[in-house]
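Here is the file coords-v7.tsv (TSV, C-alpha atoms).
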chain	number	residue	atom	x	y	z
X	584	MET	CA	42.07	-196.45	-27.25
X	585	TRP	CA	44.42	-198.56	-29.40
X	586	LEU	CA	42.29	-197.92	-32.47
X	587	LEU	CA	42.12	-194.24	-31.76
X	588	LEU	CA	45.91	-194.02	-31.45
X	589	THR	CA	46.38	-196.00	-34.64
X	590	VAL	CA	44.04	-193.83	-36.66
X	591	ALA	CA	45.46	-190.66	-35.11
X	592	SER	CA	48.88	-191.66	-36.36
X	593	LEU	CA	47.42	-192.22	-39.83
X	594	ILE	CA	45.85	-188.78	-39.78
X	595	SER	CA	49.10	-187.19	-38.73
X	596	ALA	CA	51.25	-189.03	-41.24
X	597	LEU	CA	48.99	-188.85	-44.25
X	598	GLY	CA	47.28	-185.55	-43.67
X	599	THR	CA	50.41	-183.46	-43.21
X	600	THR	CA	52.66	-185.20	-45.70
X	601	HIS	CA	50.43	-185.74	-48.69
X	602	GLY	CA	47.44	-183.47	-48.36
X	603	PHE	CA	45.55	-186.68	-48.97
X	604	PHE	CA	42.43	-185.68	-47.11
X	605	GLY	CA	41.95	-182.31	-48.78
X	606	LYS	CA	40.54	-183.64	-52.02
X	607	SER	CA	40.27	-187.00	-53.70
X	608	ASP	CA	42.84	-188.01	-56.29
X	609	PRO	CA	41.80	-189.39	-59.68
X	610	GLU	CA	41.07	-193.11	-59.59
X	611	ASN	CA	43.45	-195.59	-61.17
X	612	PRO	CA	41.61	-197.73	-63.73
X	613	GLU	CA	42.49	-200.96	-61.88
X	614	VAL	CA	40.09	-199.91	-59.13
X	615	ASN	CA	37.22	-201.39	-61.11
X	616	MET	CA	39.05	-204.33	-62.69
X	617	ASN	CA	39.21	-208.03	-61.88
X	618	ILE	CA	42.55	-209.84	-61.68
X	619	SER	CA	42.71	-210.84	-65.34
X	620	GLN	CA	41.91	-207.31	-66.42
X	621	MET	CA	44.58	-205.90	-64.13
X	622	ILE	CA	47.18	-208.20	-65.68
X	623	SER	CA	46.12	-207.47	-69.25
X	624	TYR	CA	45.96	-203.73	-68.60
X	625	TRP	CA	49.74	-203.65	-68.30
X	626	GLY	CA	50.26	-205.68	-71.48
X	627	TYR	CA	50.97	-209.06	-69.89
X	628	PRO	CA	49.44	-212.36	-71.01
X	629	SER	CA	46.68	-213.46	-68.69
X	630	GLU	CA	45.04	-216.82	-68.06
X	631	GLU	CA	42.38	-217.74	-65.52
X	632	TYR	CA	41.32	-221.13	-64.17
X	633	GLU	CA	39.08	-222.74	-61.58
X	634	VAL	CA	40.43	-225.21	-59.05
X	635	PHE	CA	38.04	-227.59	-57.31
X	636	THR	CA	39.01	-228.68	-53.81
X	637	GLU	CA	38.21	-232.05	-52.27
X	638	ASP	CA	35.56	-230.45	-50.05
X	639	GLY	CA	33.82	-228.64	-52.88
X	640	TYR	CA	35.25	-225.11	-52.91
X	641	VAL	CA	35.90	-223.46	-56.25
X	642	LEU	CA	39.07	-221.38	-56.23
X	643	ARG	CA	39.81	-218.91	-59.01
X	644	ILE	CA	43.52	-218.76	-59.82
X	645	ASN	CA	45.36	-216.60	-62.35
X	646	ARG	CA	48.45	-217.08	-64.46
X	647	ILE	CA	51.03	-214.81	-66.08
X	648	PRO	CA	52.78	-217.42	-68.23
X	649	TYR	CA	55.57	-215.10	-69.36
X	650	GLY	CA	56.55	-211.46	-69.22
X	651	LYS	CA	56.83	-208.63	-71.68
X	652	LYS	CA	60.61	-208.81	-71.47
X	653	SER	CA	60.78	-212.58	-72.00
X	654	SER	CA	57.94	-213.24	-74.46
X	655	GLU	CA	60.19	-214.71	-77.14
X	656	ASN	CA	61.52	-217.48	-74.93
X	657	ARG	CA	58.50	-219.58	-74.02
X	658	GLY	CA	60.13	-222.89	-73.14
X	659	ARG	CA	60.03	-224.53	-69.73
X	660	ARG	CA	60.24	-221.90	-67.07
X	661	PRO	CA	60.54	-221.94	-63.28
X	662	VAL	CA	56.98	-222.19	-61.96
X	663	VAL	CA	56.17	-219.86	-59.07
X	664	LEU	CA	52.98	-219.79	-56.99
X	665	LEU	CA	52.24	-216.58	-55.06
X	666	GLN	CA	49.83	-216.95	-52.12
X	667	HIS	CA	48.32	-213.93	-50.38
X	668	GLY	CA	47.71	-213.25	-46.70
X	669	LEU	CA	44.80	-212.74	-44.33
X	670	LEU	CA	41.85	-210.71	-45.69
X	671	ALA	CA	43.64	-210.36	-49.01
X	672	SER	CA	43.67	-211.75	-52.55
X	673	ALA	CA	45.86	-212.32	-55.59
X	674	THR	CA	45.54	-208.63	-56.46
X	675	ASN	CA	48.17	-207.94	-53.78
X	676	TRP	CA	50.90	-209.17	-56.12
X	677	ILE	CA	49.92	-206.88	-59.04
X	678	SER	CA	48.57	-203.74	-57.34
X	679	ASN	CA	51.64	-201.60	-57.92
X	680	LEU	CA	53.25	-200.56	-61.19
X	681	PRO	CA	54.86	-203.44	-63.13
X	682	ASN	CA	58.38	-202.55	-61.97
X	683	ASN	CA	57.22	-202.71	-58.36
X	684	SER	CA	54.82	-205.71	-58.34
X	685	LEU	CA	56.27	-209.15	-57.63
X	686	GLY	CA	53.89	-210.91	-60.03
X	687	PHE	CA	55.03	-208.83	-62.99
X	688	ILE	CA	58.68	-208.76	-61.93
X	689	LEU	CA	58.88	-212.55	-61.75
X	690	ALA	CA	57.20	-212.90	-65.15
X	691	ASP	CA	59.68	-210.50	-66.71
X	692	ALA	CA	62.51	-212.44	-65.05
X	693	GLY	CA	61.49	-215.57	-66.96
X	694	CYS	CA	59.13	-217.30	-64.53
X	695	ASP	CA	55.73	-218.90	-65.10
X	696	VAL	CA	53.74	-217.03	-62.44
X	697	TRP	CA	50.57	-218.28	-60.77
X	698	LEU	CA	48.43	-216.25	-58.36
X	699	GLY	CA	46.42	-218.19	-55.79
X	700	ASN	CA	43.19	-217.22	-54.01
X	701	SER	CA	42.11	-218.73	-50.70
X	702	ARG	CA	38.54	-219.82	-50.08
X	703	GLY	CA	36.14	-217.11	-49.03
X	704	ASN	CA	37.88	-214.15	-50.63
X	705	THR	CA	36.37	-212.03	-53.40
X	706	TRP	CA	37.47	-214.40	-56.17
X	707	SER	CA	36.85	-217.75	-54.46
X	708	ARG	CA	33.36	-217.56	-53.05
X	709	ARG	CA	31.76	-220.67	-54.54
X	710	ASN	CA	31.17	-224.23	-53.37
X	711	ILE	CA	29.49	-227.04	-55.32
X	712	TYR	CA	27.60	-228.19	-52.20
X	713	TYR	CA	26.84	-225.02	-50.25
X	714	SER	CA	25.60	-221.55	-51.05
X	715	SER	CA	27.87	-218.69	-49.99
X	716	ASP	CA	24.87	-217.44	-47.99
X	717	SER	CA	24.96	-220.53	-45.76
X	718	THR	CA	26.81	-220.91	-42.47
X	719	GLU	CA	28.17	-224.23	-43.77
X	720	PHE	CA	30.09	-222.44	-46.51
X	721	TRP	CA	31.91	-220.26	-43.96
X	722	ALA	CA	32.81	-223.06	-41.54
X	723	PHE	CA	36.52	-222.95	-42.28
X	724	SER	CA	39.78	-221.41	-41.15
X	725	PHE	CA	43.38	-221.56	-42.31
X	726	ASP	CA	43.32	-225.27	-41.35
X	727	GLU	CA	41.19	-226.04	-44.41
X	728	MET	CA	43.19	-223.72	-46.63
X	729	ALA	CA	46.26	-225.79	-45.80
X	730	LYS	CA	44.52	-229.16	-45.97
X	731	TYR	CA	42.50	-228.61	-49.16
X	732	ASP	CA	43.18	-225.31	-50.98
X	733	LEU	CA	46.94	-225.44	-51.24
X	734	PRO	CA	47.28	-229.12	-52.29
X	735	SER	CA	44.52	-228.73	-54.90
X	736	THR	CA	46.06	-225.55	-56.30
X	737	ILE	CA	49.57	-226.99	-56.48
X	738	ASP	CA	48.32	-230.21	-58.06
X	739	PHE	CA	46.42	-228.25	-60.71
X	740	ILE	CA	49.40	-226.03	-61.56
X	741	LEU	CA	51.86	-228.90	-61.88
X	742	LYS	CA	49.50	-230.88	-64.09
X	743	LYS	CA	48.88	-227.83	-66.27
X	744	THR	CA	52.58	-227.01	-66.65
X	745	GLY	CA	53.79	-230.61	-66.87
X	746	GLN	CA	56.42	-229.96	-64.23
X	747	GLN	CA	57.26	-231.94	-61.11
X	748	LYS	CA	57.93	-229.09	-58.68
X	749	LEU	CA	57.31	-225.39	-58.16
X	750	HIS	CA	58.55	-222.45	-56.09
X	751	TYR	CA	56.18	-221.19	-53.41
X	752	VAL	CA	55.99	-217.57	-52.24
X	753	GLY	CA	53.73	-216.84	-49.29
X	754	HIS	CA	52.92	-213.60	-47.52
X	755	SER	CA	51.52	-213.59	-43.98
X	756	GLN	CA	48.74	-216.22	-43.84
X	757	GLY	CA	50.12	-217.51	-47.14
X	758	THR	CA	53.16	-218.61	-45.15
X	759	THR	CA	50.97	-220.05	-42.40
X	760	ILE	CA	49.16	-222.44	-44.70
X	761	GLY	CA	52.49	-223.33	-46.29
X	762	PHE	CA	53.99	-224.23	-42.92
X	763	ILE	CA	50.99	-226.42	-42.11
X	764	ALA	CA	50.65	-228.08	-45.50
X	765	PHE	CA	54.34	-228.83	-45.99
X	766	SER	CA	54.81	-230.16	-42.44
X	767	THR	CA	51.73	-232.42	-42.45
X	768	ASN	CA	51.72	-233.54	-46.08
X	769	PRO	CA	55.16	-234.99	-46.95
X	770	GLU	CA	54.14	-235.86	-50.52
X	771	LEU	CA	53.11	-232.27	-51.15
X	772	ALA	CA	56.34	-231.01	-49.59
X	773	LYS	CA	58.36	-233.03	-52.11
X	774	ARG	CA	56.82	-230.94	-54.88
X	775	ILE	CA	58.15	-227.64	-53.51
X	776	LYS	CA	61.57	-226.51	-54.69
X	777	THR	CA	61.86	-223.52	-52.37
X	778	PHE	CA	59.52	-221.83	-49.91
X	779	TYR	CA	59.93	-218.03	-49.85
X	780	ALA	CA	58.29	-216.76	-46.64
X	781	LEU	CA	57.53	-213.03	-46.56
X	782	ALA	CA	56.43	-211.69	-43.15
X	783	PRO	CA	55.98	-215.29	-41.91
X	784	VAL	CA	53.32	-216.08	-39.35
X	785	ALA	CA	53.10	-219.23	-37.23
X	786	THR	CA	52.70	-218.32	-33.58
X	787	VAL	CA	51.38	-214.84	-32.81
X	788	LYS	CA	52.16	-214.83	-29.11
X	789	GLN	CA	53.99	-211.50	-29.24
X	790	SER	CA	51.89	-209.88	-31.97
X	791	LYS	CA	50.85	-206.30	-31.35
X	792	SER	CA	48.11	-206.23	-33.97
X	793	LEU	CA	44.37	-205.97	-33.49
X	794	LEU	CA	44.26	-209.78	-33.24
X	795	LYS	CA	45.89	-209.51	-29.83
X	796	LYS	CA	43.31	-206.96	-28.74
X	797	LEU	CA	40.47	-209.21	-29.86
X	798	THR	CA	41.61	-211.93	-27.43
X	799	ARG	CA	40.02	-209.83	-24.71
X	800	VAL	CA	36.61	-210.34	-26.30
X	801	PRO	CA	34.91	-213.68	-25.41
X	802	PRO	CA	34.34	-215.92	-28.47
X	803	PHE	CA	30.57	-215.91	-27.97
X	804	LEU	CA	30.58	-212.10	-28.06
X	805	LEU	CA	32.67	-212.08	-31.24
X	806	ARG	CA	30.06	-214.36	-32.77
X	807	ILE	CA	27.29	-211.99	-31.67
X	808	ILE	CA	29.12	-209.02	-33.19
X	809	PHE	CA	30.36	-210.60	-36.42
X	810	GLY	CA	28.02	-213.57	-36.91
X	811	TYR	CA	28.89	-216.96	-38.40
X	812	LYS	CA	29.66	-216.16	-42.00
X	813	ILE	CA	31.94	-213.64	-43.70
X	814	PHE	CA	34.07	-211.38	-41.56
X	815	TYR	CA	33.43	-207.68	-41.97
X	816	PRO	CA	33.38	-204.94	-39.38
X	817	HIS	CA	30.00	-204.70	-37.74
X	818	SER	CA	27.99	-201.60	-38.60
X	819	PHE	CA	28.45	-200.38	-35.04
X	820	PHE	CA	32.23	-200.51	-35.51
X	821	ASP	CA	31.95	-198.65	-38.80
X	822	GLN	CA	29.72	-196.02	-37.28
X	823	PHE	CA	32.02	-195.49	-34.32
X	824	LEU	CA	35.04	-194.85	-36.53
X	825	ALA	CA	33.09	-192.69	-38.93
X	826	THR	CA	31.58	-190.44	-36.28
X	827	GLU	CA	34.27	-190.38	-33.61
X	828	VAL	CA	37.46	-190.55	-35.64
X	829	CYS	CA	37.02	-190.07	-39.39
X	830	SER	CA	35.79	-186.74	-40.63
X	831	ARG	CA	36.48	-186.75	-44.36
X	832	GLU	CA	35.49	-189.23	-47.01
X	833	ALA	CA	38.97	-190.47	-47.95
X	834	LEU	CA	39.99	-190.81	-44.32
X	835	ASP	CA	36.72	-192.56	-43.56
X	836	ARG	CA	37.52	-195.21	-46.19
X	837	LEU	CA	40.97	-195.78	-44.76
X	838	CYS	CA	39.78	-195.86	-41.16
X	839	LYS	CA	37.23	-198.55	-41.93
X	840	ASN	CA	39.60	-200.71	-43.97
X	841	VAL	CA	40.04	-203.86	-41.92
X	842	LEU	CA	43.28	-204.88	-43.62
X	843	PHE	CA	45.09	-201.71	-42.57
X	844	ILE	CA	43.65	-201.85	-39.05
X	845	PHE	CA	44.94	-205.41	-38.63
X	846	CYS	CA	48.33	-204.94	-40.30
X	847	GLY	CA	49.33	-201.31	-39.86
X	848	PHE	CA	50.05	-198.62	-42.42
X	849	ASP	CA	53.43	-197.35	-43.63
X	850	ASN	CA	52.76	-194.31	-45.81
X	851	LYS	CA	56.47	-193.46	-46.07
X	852	ASN	CA	57.21	-196.54	-48.14
X	853	LEU	CA	53.99	-196.84	-50.15
X	854	ASN	CA	53.20	-195.32	-53.52
X	855	MET	CA	50.34	-193.15	-52.32
X	856	SER	CA	49.09	-192.71	-55.88
X	857	ARG	CA	48.12	-196.40	-55.72
X	858	LEU	CA	46.18	-196.16	-52.47
X	859	ASP	CA	42.84	-196.30	-54.27
X	860	VAL	CA	43.87	-199.64	-55.80
X	861	TYR	CA	44.79	-201.06	-52.39
X	862	LEU	CA	41.55	-199.87	-50.84
X	863	SER	CA	39.33	-201.03	-53.70
X	864	HIS	CA	40.54	-204.64	-53.53
X	865	ASN	CA	41.07	-204.97	-49.78
X	866	PRO	CA	39.80	-206.41	-47.57
X	867	ALA	CA	38.86	-209.30	-49.84
X	868	GLY	CA	37.10	-211.23	-47.08
X	869	THR	CA	37.50	-214.34	-44.99
X	870	SER	CA	35.35	-216.28	-42.55
X	871	VAL	CA	34.54	-215.28	-39.00
X	872	GLN	CA	35.80	-218.73	-38.01
X	873	ASN	CA	39.18	-217.93	-39.54
X	874	VAL	CA	39.44	-214.72	-37.51
X	875	LEU	CA	38.40	-216.65	-34.40
X	876	HIS	CA	41.18	-219.14	-35.13
X	877	TRP	CA	43.68	-216.30	-35.24
X	878	THR	CA	42.41	-214.87	-31.95
X	879	GLN	CA	42.80	-218.35	-30.43
X	880	ALA	CA	46.40	-218.44	-31.65
X	881	ALA	CA	47.09	-214.99	-30.22
X	882	LYS	CA	45.65	-216.01	-26.86
X	883	SER	CA	47.31	-219.42	-26.57
X	884	GLY	CA	50.63	-218.54	-28.17
X	885	LYS	CA	50.54	-221.94	-29.88
X	886	PHE	CA	50.59	-222.98	-33.52
X	887	GLN	CA	47.68	-225.39	-33.51
X	888	ALA	CA	44.45	-226.36	-35.22
X	889	PHE	CA	41.12	-224.62	-34.60
X	890	ASP	CA	39.61	-225.20	-31.18
X	891	TRP	CA	35.97	-226.12	-31.69
X	892	GLY	CA	35.06	-225.05	-28.17
X	893	SER	CA	34.78	-228.25	-26.18
X	894	PRO	CA	36.61	-231.58	-25.71
X	895	VAL	CA	33.63	-233.40	-27.23
X	896	GLN	CA	33.64	-231.35	-30.42
X	897	ASN	CA	37.42	-231.53	-30.70
X	898	MET	CA	37.20	-235.32	-30.36
X	899	MET	CA	34.76	-235.35	-33.27
X	900	HIS	CA	37.21	-233.45	-35.47
X	901	TYR	CA	40.61	-234.61	-34.25
X	902	ASP	CA	40.08	-237.77	-32.17
X	903	GLN	CA	41.60	-235.94	-29.23
X	904	PRO	CA	40.15	-233.47	-26.70
X	905	ILE	CA	42.47	-230.60	-27.59
X	906	PRO	CA	43.45	-229.31	-31.04
X	907	PRO	CA	46.66	-230.82	-32.43
X	908	THR	CA	49.79	-228.67	-32.54
X	909	TYR	CA	51.56	-228.18	-35.85
X	910	ASN	CA	55.16	-229.39	-35.80
X	911	LEU	CA	57.34	-227.05	-37.85
X	912	THR	CA	60.41	-229.25	-37.37
X	913	ALA	CA	58.71	-231.79	-39.64
X	914	MET	CA	58.89	-229.41	-42.61
X	915	HIS	CA	62.07	-230.01	-44.61
X	916	VAL	CA	61.34	-227.80	-47.62
X	917	PRO	CA	64.25	-225.38	-48.32
X	918	THR	CA	62.98	-222.13	-46.80
X	919	ALA	CA	64.04	-218.49	-47.21
X	920	VAL	CA	62.63	-215.94	-44.79
X	921	TRP	CA	62.24	-212.16	-44.90
X	922	ASN	CA	60.73	-210.37	-41.90
X	923	GLY	CA	60.29	-206.79	-40.70
X	924	GLY	CA	61.42	-205.01	-37.60
X	925	ASN	CA	58.20	-202.97	-37.31
X	926	ASP	CA	55.73	-205.72	-38.16
X	927	LEU	CA	52.67	-205.61	-35.91
X	928	LEU	CA	51.38	-209.01	-36.99
X	929	ALA	CA	54.54	-211.07	-37.67
X	930	ASP	CA	56.31	-209.78	-34.58
X	931	PRO	CA	60.12	-210.09	-34.72
X	932	GLY	CA	60.07	-212.06	-31.46
X	933	ASP	CA	57.67	-214.63	-32.91
X	934	VAL	CA	59.76	-214.86	-36.08
X	935	ASP	CA	62.92	-215.46	-34.03
X	936	VAL	CA	61.22	-218.47	-32.44
X	937	LEU	CA	60.01	-219.67	-35.84
X	938	LEU	CA	63.52	-219.56	-37.30
X	939	THR	CA	64.82	-221.97	-34.65
X	940	GLN	CA	62.19	-224.51	-35.70
X	941	LEU	CA	62.90	-224.59	-39.43
X	942	PRO	CA	65.23	-227.53	-40.16
X	943	ASN	CA	66.09	-226.40	-43.70
X	944	LEU	CA	66.46	-222.63	-43.41
X	945	ILE	CA	68.60	-221.54	-46.37
X	946	TYR	CA	68.34	-217.77	-46.03
X	947	HIS	CA	67.09	-215.13	-43.61
X	948	LYS	CA	66.93	-211.36	-43.86
X	949	LYS	CA	65.42	-208.94	-41.39
X	950	ILE	CA	64.45	-205.53	-42.75
X	951	PRO	CA	64.30	-203.21	-39.68
X	952	PRO	CA	61.89	-200.51	-40.99
X	953	TYR	CA	59.39	-202.88	-42.64
X	954	ASN	CA	55.86	-203.44	-41.42
X	955	HIS	CA	53.48	-206.19	-42.52
X	956	LEU	CA	52.25	-204.76	-45.82
X	957	ASP	CA	55.63	-203.46	-46.99
X	958	PHE	CA	56.47	-206.96	-48.23
X	959	ILE	CA	53.86	-206.69	-50.96
X	960	TRP	CA	53.57	-202.93	-51.59
X	961	ALA	CA	56.74	-201.11	-50.47
X	962	MET	CA	58.41	-198.97	-53.10
X	963	ASP	CA	61.80	-200.48	-52.28
X	964	ALA	CA	60.58	-204.09	-52.06
X	965	PRO	CA	62.34	-205.03	-55.34
X	966	GLN	CA	65.68	-203.96	-53.89
X	967	GLU	CA	65.06	-205.40	-50.42
X	968	ILE	CA	63.33	-208.68	-51.38
X	969	TYR	CA	62.22	-209.37	-54.95
X	970	ASN	CA	65.64	-209.28	-56.61
X	971	GLU	CA	66.82	-211.88	-54.10
X	972	VAL	CA	63.82	-214.09	-54.85
X	973	ILE	CA	64.56	-213.78	-58.56
X	974	SER	CA	68.18	-214.73	-57.97
X	975	MET	CA	67.12	-217.88	-56.13
X	976	THR	CA	64.52	-218.92	-58.69
X	977	GLY	CA	67.02	-218.10	-61.44
X	978	LYS	CA	69.13	-221.04	-60.35
X	979	ASP	CA	66.27	-223.26	-61.55
X	980	LYS	CA	66.53	-223.46	-65.32
X	981	ASN	CA	64.83	-226.84	-65.74
Take the structure in this file and express it as structure tokens.
Amino acid sequence: MWLLLTVASLISALGTTHGFFGKSDPENPEVNMNISQMISYWGYPSEEYEVFTEDGYVLRINRIPYGKKSSENRGRRPVVLLQHGLLASATNWISNLPNNSLGFILADAGCDVWLGNSRGNTWSRRNIYYSSDSTEFWAFSFDEMAKYDLPSTIDFILKKTGQQKLHYVGHSQGTTIGFIAFSTNPELAKRIKTFYALAPVATVKQSKSLLKKLTRVPPFLLRIIFGYKIFYPHSFFDQFLATEVCSREALDRLCKNVLFIFCGFDNKNLNMSRLDVYLSHNPAGTSVQNVLHWTQAAKSGKFQAFDWGSPVQNMMHYDQPIPPTYNLTAMHVPTAVWNGGNDLLADPGDVDVLLTQLPNLIYHKKIPPYNHLDFIWAMDAPQEIYNEVISMTGKDKN
């Protein structure tokens, strides 16, 4: 029922306002591009690197070392790492036009911009020990992203740039792994100048997203439906939406897009001419174990490590029978927070609790009409968020 209501609202909003389902619009060229090509397409310098984590994952990261408006001044610049959310990738930061994409905007403002990719997404699906076809490869959740991916990525960037610290921008799960990494790894935390948290997610006790609905499904049944590797909707789920809800090709693509089903859809504040870019690069994939971890969080209401299913298994991983809880009060990185009033995933109630636990909160702004994806794609995001981020990073002139 919840899915039907969600999709019905999409039909109503999109079908009547934009005529989107009558005929398909021409594709934007970025639909078929990789990250480097997307950056270069708009005339920006592009660099690409591989980061090797301690547990063998190979993460592809991208760099926009300077912008078109600041190409003549190539001295030391504020270094900024942008980290995407659940089921997403680095393309999120460059999917809109240059004057509306945070990656390009920061580069033009004089920053050295780096785009991270978490393990298991489209651009980080390699491991030196395991094949991506193996269950071992997919045995991870956001715990490992915080423990291995983020430290390895930050270490690589700082060595490459020769700087001691960087600015960190996270969206959704990108904030989650930041909260974990910076609260459990004090040495890593010292290397962060400012943490910019967009649609922050720690606890999801009050979340109204699909994650909350999935808590009603027993873990063993989720495993039967989705398996033990990459998370994608099961063919049964696809078929149900296609036959019972979606009647036209464009609508069918939107209905089956897991990212929008999890996070909601705000057509009023999105550039609908870019929808094909969003859909072509999302969802970018994650592990079933990661989704299970999120359903555990939604059910327990706690911000804690993955529950391996039994006291014995938890003892093997944590030396205690229950998963450890992450202590946000131990994170002293200067933190600025932006959250939305209509966010299904980062519910305002959960964010209110989060704010009370941040010992070094330097700024907070709530944007009443925003939902979860507005923070990366909204047409007015530069005015609501990005200009403020630029102002804060601009105080860092090295």
### Task
Find the residues near Gln620 (chain X): any atom within 12 Å, counting only C-alpha atoms, skip ones fewer than 3 places away on the same chain, and give them as a PyMOL selection string.
chain X and resi 612-617+623-631+645-647+674+677-678
Given the selection you just returned, output its residues as a file containing C-alpha atoms, formatted as an mmCIF file, keeping the file's coordinate frame.
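The new file out15.cif reads:
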data_model
loop_
_atom_site.group_PDB
_atom_site.id
_atom_site.type_symbol
_atom_site.label_atom_id
_atom_site.label_comp_id
_atom_site.auth_asym_id
_atom_site.auth_seq_id
_atom_site.Cartn_x
_atom_site.Cartn_y
_atom_site.Cartn_z
ATOM 1 C CA PRO X 612 41.610 -197.730 -63.730
ATOM 2 C CA GLU X 613 42.490 -200.960 -61.880
ATOM 3 C CA VAL X 614 40.090 -199.910 -59.130
ATOM 4 C CA ASN X 615 37.220 -201.390 -61.110
ATOM 5 C CA MET X 616 39.050 -204.330 -62.690
ATOM 6 C CA ASN X 617 39.210 -208.030 -61.880
ATOM 7 C CA SER X 623 46.120 -207.470 -69.250
ATOM 8 C CA TYR X 624 45.960 -203.730 -68.600
ATOM 9 C CA TRP X 625 49.740 -203.650 -68.300
ATOM 10 C CA GLY X 626 50.260 -205.680 -71.480
ATOM 11 C CA TYR X 627 50.970 -209.060 -69.890
ATOM 12 C CA PRO X 628 49.440 -212.360 -71.010
ATOM 13 C CA SER X 629 46.680 -213.460 -68.690
ATOM 14 C CA GLU X 630 45.040 -216.820 -68.060
ATOM 15 C CA GLU X 631 42.380 -217.740 -65.520
ATOM 16 C CA ASN X 645 45.360 -216.600 -62.350
ATOM 17 C CA ARG X 646 48.450 -217.080 -64.460
ATOM 18 C CA ILE X 647 51.030 -214.810 -66.080
ATOM 19 C CA THR X 674 45.540 -208.630 -56.460
ATOM 20 C CA ILE X 677 49.920 -206.880 -59.040
ATOM 21 C CA SER X 678 48.570 -203.740 -57.340
#
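Computed from the coordinates, the CA of Thr939 (chain X) to CA of Phe958 (chain X) distance equals 21.9 Å.
Proximity to Ile763 (chain X) was assessed for X:Asn852, X:Thr786, X:Gln872, X:Gln896 counting all atoms listed in the file; the smallest distance is recorded for X:Thr786.
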What's around Phe687 (chain X) at 9 Å? Count all atoms listed in the file, leave out sequence neighbours fewer than 2 positions away in its own chain, and write the answer as a PDB file with C-alpha atoms, in the frame of the given file.
ATOM      1  CA  ILE X 622      47.180-208.200 -65.680  1.00  0.00           C
ATOM      2  CA  TYR X 627      50.970-209.060 -69.890  1.00  0.00           C
ATOM      3  CA  ILE X 647      51.030-214.810 -66.080  1.00  0.00           C
ATOM      4  CA  TYR X 649      55.570-215.100 -69.360  1.00  0.00           C
ATOM      5  CA  GLY X 650      56.550-211.460 -69.220  1.00  0.00           C
ATOM      6  CA  LYS X 651      56.830-208.630 -71.680  1.00  0.00           C
ATOM      7  CA  TRP X 676      50.900-209.170 -56.120  1.00  0.00           C
ATOM      8  CA  ILE X 677      49.920-206.880 -59.040  1.00  0.00           C
ATOM      9  CA  LEU X 680      53.250-200.560 -61.190  1.00  0.00           C
ATOM     10  CA  PRO X 681      54.860-203.440 -63.130  1.00  0.00           C
ATOM     11  CA  ASN X 682      58.380-202.550 -61.970  1.00  0.00           C
ATOM     12  CA  ASN X 683      57.220-202.710 -58.360  1.00  0.00           C
ATOM     13  CA  SER X 684      54.820-205.710 -58.340  1.00  0.00           C
ATOM     14  CA  LEU X 685      56.270-209.150 -57.630  1.00  0.00           C
ATOM     15  CA  LEU X 689      58.880-212.550 -61.750  1.00  0.00           C
ATOM     16  CA  ALA X 690      57.200-212.900 -65.150  1.00  0.00           C
ATOM     17  CA  ASP X 691      59.680-210.500 -66.710  1.00  0.00           C
ATOM     18  CA  ALA X 692      62.510-212.440 -65.050  1.00  0.00           C
ATOM     19  CA  VAL X 696      53.740-217.030 -62.440  1.00  0.00           C
TER      20      VAL X 696
END
### Message
Quick one: residues within 10 Å of Pro661 (chain X), all atoms listed in the file, excluding same-chain residues fewer than 3 positions away - as a ChimeraX atom specification?
### Response
/X:658,689-690,692-696,746,748-750,776,976-981
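Take CA of Met855 (chain X) and CA of Val663 (chain X): the distance between them is 28.2 Å.
Going from CA of Ile968 (chain X) to CA of Tyr946 (chain X) covers 11.7 Å.
Closest approach to Val641 (chain X) among X:Phe725, X:Phe809, X:Tyr731, X:Trp891: X:Tyr731, based on only C-alpha atoms.
Of the listed residues (X:Thr759, X:Asn954, X:Asn943, X:Thr908), X:Asn954 comes nearest to Gly924 (chain X); the distances count all atoms listed in the file.
Restricting the calculation to all atoms listed in the file, the smallest distance between Gly753 (chain X) and any of X:Thr878, X:Asn865, X:Asn768, X:Thr918 is found for X:Thr918.
In this comparison, which uses all atoms listed in the file, the residue of X:Leu937, X:Met899, X:Val634, X:Ile644 approaching Asp738 (chain X) most closely is X:Val634.
If you measure from each of X:Asn854, X:Asn925, X:Thr744, X:Gln666 to Asp963 (chain X) using all atoms listed in the file, the closest one turns out to be X:Asn854.
Using all atoms listed in the file, the protein and nucleic acid residues lying no more than 12 Å from Ile905 (chain X), apart from those fewer than 4 places from it along its own chain, are Gln887, Ala888, Phe889, Asp890, Trp891, Gly892, Ser893, Pro894, Val895, Gln896, Asn897, Met898, Met899, His900 and Tyr901 of chain X.
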